[in-house]
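target-v7.cif follows (mmCIF, C-alpha atoms):
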data_input
loop_
_atom_site.group_PDB
_atom_site.id
_atom_site.type_symbol
_atom_site.label_atom_id
_atom_site.label_comp_id
_atom_site.auth_asym_id
_atom_site.auth_seq_id
_atom_site.Cartn_x
_atom_site.Cartn_y
_atom_site.Cartn_z
ATOM 1 C CA MET A 1 0.000 0.000 0.000
ATOM 2 C CA ASN A 2 1.184 3.499 -0.815
ATOM 3 C CA ALA A 3 2.686 5.196 2.245
ATOM 4 C CA ASP A 4 0.464 8.268 1.936
ATOM 5 C CA ILE A 5 -2.664 6.151 1.616
ATOM 6 C CA ALA A 6 -1.636 4.092 4.634
ATOM 7 C CA LEU A 7 -1.116 7.293 6.617
ATOM 8 C CA LEU A 8 -4.577 8.579 5.704
ATOM 9 C CA CYS A 9 -6.221 5.239 6.438
ATOM 10 C CA ALA A 10 -4.579 5.021 9.863
ATOM 11 C CA ALA A 11 -5.467 8.602 10.779
ATOM 12 C CA ILE A 12 -9.014 8.727 9.417
ATOM 13 C CA GLY A 13 -9.857 5.147 10.344
ATOM 14 C CA GLY A 14 -8.629 5.618 13.909
ATOM 15 C CA TYR A 15 -10.488 8.905 14.248
ATOM 16 C CA LEU A 16 -13.804 7.522 12.946
ATOM 17 C CA LEU A 17 -13.530 4.449 15.153
ATOM 18 C CA GLY A 18 -12.861 6.633 18.180
ATOM 19 C CA SER A 19 -15.796 8.869 17.270
ATOM 20 C CA ILE A 20 -18.399 6.170 17.975
ATOM 21 C CA PRO A 21 -20.234 7.550 21.079
ATOM 22 C CA PHE A 22 -20.956 4.308 22.906
ATOM 23 C CA GLY A 23 -22.020 6.022 26.156
ATOM 24 C CA LEU A 24 -24.646 8.050 24.312
ATOM 25 C CA LEU A 25 -25.862 5.106 22.237
ATOM 26 C CA LEU A 26 -26.160 2.749 25.213
ATOM 27 C CA THR A 27 -28.023 5.164 27.465
ATOM 28 C CA ARG A 28 -30.434 6.082 24.693
ATOM 29 C CA ALA A 29 -31.039 2.395 23.923
ATOM 30 C CA ALA A 30 -31.762 1.829 27.618
ATOM 31 C CA GLY A 31 -34.398 4.570 27.595
ATOM 32 C CA LEU A 32 -32.393 6.972 29.745
ATOM 33 C CA GLY A 33 -32.469 9.801 27.245
ATOM 34 C CA ASP A 34 -29.472 11.909 26.289
ATOM 35 C CA ILE A 35 -26.531 11.356 28.653
ATOM 36 C CA ARG A 36 -25.301 14.843 27.745
ATOM 37 C CA ASN A 37 -28.209 16.311 29.726
ATOM 38 C CA ILE A 38 -27.101 14.913 33.084
ATOM 39 C CA GLY A 39 -24.094 15.269 35.347
ATOM 40 C CA SER A 40 -21.051 16.594 33.550
ATOM 41 C CA GLY A 41 -22.703 16.239 30.150
ATOM 42 C CA ASN A 42 -19.913 13.867 29.191
ATOM 43 C CA ILE A 43 -20.474 10.727 27.096
ATOM 44 C CA GLY A 44 -17.931 8.614 28.980
ATOM 45 C CA ALA A 45 -18.296 5.844 31.551
ATOM 46 C CA THR A 46 -17.945 8.098 34.614
ATOM 47 C CA ASN A 47 -20.956 10.163 33.597
ATOM 48 C CA VAL A 48 -22.920 7.077 32.556
ATOM 49 C CA LEU A 49 -22.361 5.825 36.119
ATOM 50 C CA ARG A 50 -24.258 8.880 37.363
ATOM 51 C CA THR A 51 -27.417 7.409 35.834
ATOM 52 C CA GLY A 52 -27.229 4.677 38.468
ATOM 53 C CA ARG A 53 -26.720 1.994 35.813
ATOM 54 C CA LYS A 54 -23.433 0.346 36.720
ATOM 55 C CA ASP A 55 -23.891 -2.217 33.962
ATOM 56 C CA LEU A 56 -24.128 0.478 31.315
ATOM 57 C CA ALA A 57 -21.152 2.334 32.779
ATOM 58 C CA PHE A 58 -19.048 -0.842 32.724
ATOM 59 C CA THR A 59 -20.091 -1.629 29.158
ATOM 60 C CA THR A 60 -19.270 1.918 28.090
ATOM 61 C CA LEU A 61 -15.867 1.634 29.748
ATOM 62 C CA ILE A 62 -15.047 -1.595 27.917
ATOM 63 C CA LEU A 63 -16.316 -0.432 24.530
ATOM 64 C CA ASP A 64 -14.521 2.916 24.769
ATOM 65 C CA GLY A 65 -11.322 1.085 25.692
ATOM 66 C CA LEU A 66 -11.746 -1.274 22.775
ATOM 67 C CA LYS A 67 -11.836 1.677 20.379
ATOM 68 C CA GLY A 68 -8.241 2.560 21.180
ATOM 69 C CA ALA A 69 -7.148 -1.068 21.179
ATOM 70 C CA ALA A 70 -8.950 -1.943 17.950
ATOM 71 C CA ALA A 71 -7.489 1.028 16.075
ATOM 72 C CA ILE A 72 -3.966 -0.273 16.693
ATOM 73 C CA LEU A 73 -4.828 -3.935 16.157
ATOM 74 C CA ILE A 74 -6.583 -3.272 12.844
ATOM 75 C CA ALA A 75 -3.659 -1.190 11.592
ATOM 76 C CA ARG A 76 -1.267 -3.990 12.546
ATOM 77 C CA ALA A 77 -3.491 -6.567 10.861
ATOM 78 C CA LEU A 78 -3.271 -4.480 7.686
ATOM 79 C CA ALA A 79 0.525 -4.669 7.990
ATOM 80 C CA PHE A 80 0.901 -0.931 8.547
ATOM 81 C CA PRO A 81 4.235 0.200 9.999
ATOM 82 C CA GLU A 82 4.177 0.254 13.791
ATOM 83 C CA GLU A 83 4.378 4.037 13.945
ATOM 84 C CA LEU A 84 1.199 4.267 11.864
ATOM 85 C CA ALA A 85 -0.523 1.688 14.043
ATOM 86 C CA LEU A 86 0.319 3.739 17.130
ATOM 87 C CA MET A 87 -0.860 6.888 15.379
ATOM 88 C CA ALA A 88 -4.189 5.186 14.700
ATOM 89 C CA GLY A 89 -4.545 4.636 18.451
ATOM 90 C CA GLY A 90 -3.849 8.291 19.126
ATOM 91 C CA CYS A 91 -6.377 9.310 16.484
ATOM 92 C CA ALA A 92 -8.972 7.090 18.164
ATOM 93 C CA VAL A 93 -8.551 9.137 21.345
ATOM 94 C CA LEU A 94 -8.810 12.312 19.263
ATOM 95 C CA GLY A 95 -12.046 10.986 17.761
ATOM 96 C CA HIS A 96 -13.479 10.067 21.145
ATOM 97 C CA ASN A 97 -12.705 13.498 22.561
ATOM 98 C CA PHE A 98 -13.835 15.443 19.506
ATOM 99 C CA PRO A 99 -16.293 13.273 17.509
ATOM 100 C CA ILE A 100 -17.541 14.686 14.245
ATOM 101 C CA TRP A 101 -20.998 13.190 14.878
ATOM 102 C CA LEU A 102 -21.485 15.257 18.056
ATOM 103 C CA TRP A 103 -20.139 18.565 16.786
ATOM 104 C CA PHE A 104 -16.731 17.736 18.274
ATOM 105 C CA LYS A 105 -18.072 17.567 21.842
ATOM 106 C CA GLY A 106 -17.190 14.105 23.098
ATOM 107 C CA GLY A 107 -15.687 12.341 26.069
ATOM 108 C CA LYS A 108 -12.447 12.852 27.942
ATOM 109 C CA GLY A 109 -10.584 9.936 26.444
ATOM 110 C CA MET A 110 -9.260 8.005 29.422
ATOM 111 C CA ALA A 111 -10.741 4.589 28.642
ATOM 112 C CA THR A 112 -9.733 4.894 24.989
ATOM 113 C CA THR A 113 -6.248 5.956 26.064
ATOM 114 C CA LEU A 114 -5.858 2.949 28.347
ATOM 115 C CA GLY A 115 -7.090 0.615 25.620
ATOM 116 C CA ALA A 116 -4.529 2.001 23.201
ATOM 117 C CA LEU A 117 -1.718 1.791 25.759
ATOM 118 C CA ILE A 118 -2.478 -1.820 26.672
ATOM 119 C CA VAL A 119 -2.216 -2.882 23.036
ATOM 120 C CA ALA A 120 0.754 -0.621 22.282
ATOM 121 C CA ASP A 121 2.711 -2.232 25.135
ATOM 122 C CA TRP A 122 0.834 -4.194 27.774
ATOM 123 C CA ARG A 123 3.400 -3.371 30.472
ATOM 124 C CA ILE A 124 2.864 0.368 30.034
ATOM 125 C CA GLY A 125 -0.893 -0.036 29.815
ATOM 126 C CA ILE A 126 -1.056 -2.133 32.972
ATOM 127 C CA CYS A 127 1.096 0.372 34.873
ATOM 128 C CA ALA A 128 -1.258 3.187 33.829
ATOM 129 C CA CYS A 129 -4.309 1.126 34.845
ATOM 130 C CA VAL A 130 -2.803 0.282 38.235
ATOM 131 C CA LEU A 131 -1.929 3.924 38.908
ATOM 132 C CA TRP A 132 -5.456 4.942 37.914
ATOM 133 C CA LEU A 133 -6.974 2.346 40.262
ATOM 134 C CA ILE A 134 -4.725 3.202 43.205
ATOM 135 C CA THR A 135 -5.496 6.917 42.872
ATOM 136 C CA ALA A 136 -9.219 6.205 42.490
ATOM 137 C CA VAL A 137 -9.287 3.999 45.599
ATOM 138 C CA LEU A 138 -7.340 6.506 47.681
ATOM 139 C CA PHE A 139 -9.009 9.725 46.577
ATOM 140 C CA ARG A 140 -12.238 8.691 44.771
ATOM 141 C CA TYR A 141 -11.726 11.188 41.961
ATOM 142 C CA SER A 142 -11.902 9.791 38.443
ATOM 143 C CA SER A 143 -10.450 12.992 37.002
ATOM 144 C CA LEU A 144 -7.428 13.007 39.306
ATOM 145 C CA SER A 145 -6.803 9.348 38.518
ATOM 146 C CA SER A 146 -6.883 10.078 34.803
ATOM 147 C CA LEU A 147 -4.594 13.084 35.092
ATOM 148 C CA LEU A 148 -1.953 11.262 37.110
ATOM 149 C CA ALA A 149 -2.062 8.069 35.049
ATOM 150 C CA THR A 150 -1.686 9.876 31.731
ATOM 151 C CA ALA A 151 1.070 12.138 33.057
ATOM 152 C CA ALA A 152 3.033 9.104 34.224
ATOM 153 C CA ALA A 153 2.513 6.960 31.115
ATOM 154 C CA PRO A 154 5.132 8.662 28.871
ATOM 155 C CA LEU A 155 7.733 8.348 31.636
ATOM 156 C CA VAL A 156 6.869 4.691 32.146
ATOM 157 C CA ALA A 157 7.184 4.112 28.400
ATOM 158 C CA LEU A 158 10.649 5.690 28.389
ATOM 159 C CA GLY A 159 11.576 3.534 31.374
ATOM 160 C CA PHE A 160 10.705 0.439 29.354
ATOM 161 C CA GLY A 161 12.748 1.713 26.420
ATOM 162 C CA ARG A 162 9.750 2.435 24.164
ATOM 163 C CA PRO A 163 10.220 6.029 22.961
ATOM 164 C CA GLU A 164 7.646 5.563 20.175
ATOM 165 C CA VAL A 165 5.014 4.555 22.740
ATOM 166 C CA ALA A 166 6.145 7.434 24.960
ATOM 167 C CA LEU A 167 5.369 9.803 22.078
ATOM 168 C CA LEU A 168 1.913 8.272 21.677
ATOM 169 C CA ALA A 169 1.319 8.422 25.436
ATOM 170 C CA ALA A 170 2.391 12.074 25.550
ATOM 171 C CA PHE A 171 0.009 12.953 22.702
ATOM 172 C CA MET A 172 -2.881 11.186 24.403
ATOM 173 C CA ALA A 173 -2.004 12.785 27.737
ATOM 174 C CA VAL A 174 -2.267 16.236 26.152
ATOM 175 C CA LEU A 175 -5.713 15.338 24.807
ATOM 176 C CA VAL A 176 -6.869 14.004 28.172
ATOM 177 C CA TRP A 177 -5.555 17.025 30.067
ATOM 178 C CA LEU A 178 -7.169 19.434 27.604
ATOM 179 C CA ARG A 179 -10.549 17.781 28.171
ATOM 180 C CA HIS A 180 -10.094 17.920 31.955
ATOM 181 C CA GLN A 181 -9.597 21.673 32.331
ATOM 182 C CA GLU A 182 -12.903 22.138 34.165
ATOM 183 C CA ASN A 183 -12.127 19.153 36.393
ATOM 184 C CA ILE A 184 -8.742 20.612 37.266
ATOM 185 C CA ALA A 185 -10.383 23.883 38.265
ATOM 186 C CA ARG A 186 -12.903 22.039 40.464
ATOM 187 C CA LEU A 187 -10.185 19.902 42.023
ATOM 188 C CA LEU A 188 -8.256 23.018 42.989
ATOM 189 C CA LYS A 189 -11.419 24.480 44.546
ATOM 190 C CA GLY A 190 -12.355 21.231 46.304
ATOM 191 C CA GLN A 191 -15.603 21.068 44.322
ATOM 192 C CA GLU A 192 -14.965 18.018 42.138
ATOM 193 C CA PRO A 193 -17.605 15.259 42.572
ATOM 194 C CA LYS A 194 -16.270 11.880 43.583
ATOM 195 C CA ILE A 195 -16.774 8.635 41.713
ATOM 196 C CA GLY A 196 -20.423 7.612 41.784
ATOM 197 C CA GLN A 197 -21.535 10.971 43.165
ATOM 198 C CA LYS A 198 -24.143 12.811 41.150
ATOM 199 C CA LYS A 199 -22.999 16.198 39.909
ATOM 200 C CA ASN A 200 -25.597 18.926 40.349
#
As a first step, turn the structure in this file into structure tokens.
Amino acid sequence: MNADIALLCAAIGGYLLGSIPFGLLLTRAAGLGDIRNIGSGNIGATNVLRTGRKDLAFTTLILDGLKGAAAILIARALAFPEELALMAGGCAVLGHNFPIWLWFKGGKGMATTLGALIVADWRIGICACVLWLITAVLFRYSSLSSLLATAAAPLVALGFGRPEVALLAAFMAVLVWLRHQENIARLLKGQEPKIGQKKN
């Protein structure tokens, strides 16, 4: 395949895959209306949890994670160079955060980021997941967990000697941090809702 075509396929394919708004689709299918009208207005698993439907939140989490993983796996299956496969994973996070179908107002990208990291290098992905879980258990803030896990991921990748994954992790961290600006402000003010807590 021509290199330019492969580049476009990886970028556009990853973006469109990431743009699928599973949280919105699942809550609508369950008769809960538009998830963007409750809580944070986000389409991700944390906001789906605020509906009280843990099953839907868990399903959203898995499906959003699979978007990042699938983008890389599909690119690899098509025999794309590894750098293009990793780029497809980053574009999936970009699509989740800024989906064309929802006027570029999507989720915050953490589940998709973790899915991409696990497939990019399972050691780095697992480290990010463990850090997320530890922070969540200790402090009960999904946003803080996401911020710390994504900030650490590029350093972990460098520690494992994977600079190409570190570059991907840094790109995804920027996307996650950009989408968490309001959360950061609330964390600093002590007003951030904890996991499972309904946001007024």
Between CA of Gly52 in chain A and CA of Lys108 in chain A, what is the distance, to one decimal in Å?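 These two atoms are separated by 19.9 Å.
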Shell of 8 Å around Ile195 in chain A, all atoms listed in the file, local chain residues under 5 positions omitted, as JSON, numbers by chain: {"A": [46, 136, 140, 141, 142]}
Name the residues, using the chain letters and numbers of the file, that sit within 12 Å of (-2.9, 16.1, 29.2) when counting all atoms listed in the file, and give them as a ChimeraX atom specification. /A:93,108-110,113,143-144,146-154,168-181,184
Ground truth for the PyMOL selection byres ((chain A and resi 95) around 8), written as an MDAnalysis selection string: chainID A and resid 14:20 91:94 96:100
I need the residue nearest Arg50 in chain A from this list: A:Gln191, A:Asn37, A:Thr135, A:Thr112. Use all atoms listed in the file for the distance.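 Residue with the minimum atom-to-atom distance to Arg50 in chain A: A:Asn37.
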Measuring atom to atom with only C-alpha atoms, identify which of A:Ile124, A:Leu131, A:Leu24, A:Leu114 is nearest to Gly89 in chain A. A:Leu114
Given the PyMOL selection byres ((chain A and resi 86) around 10), the residues it picks as an NGL selection string: :A and (10-11 or 14 or 68-69 or 71-73 or 75-76 or 80-85 or 87-92 or 116-117 or 119-120 or 164-165 or 167-169)
d(CA of Asp64 in chain A, CA of Arg28 in chain A) in Å: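 Pair CA of Asp64 in chain A / CA of Arg28 in chain A returns 16.2 Å.
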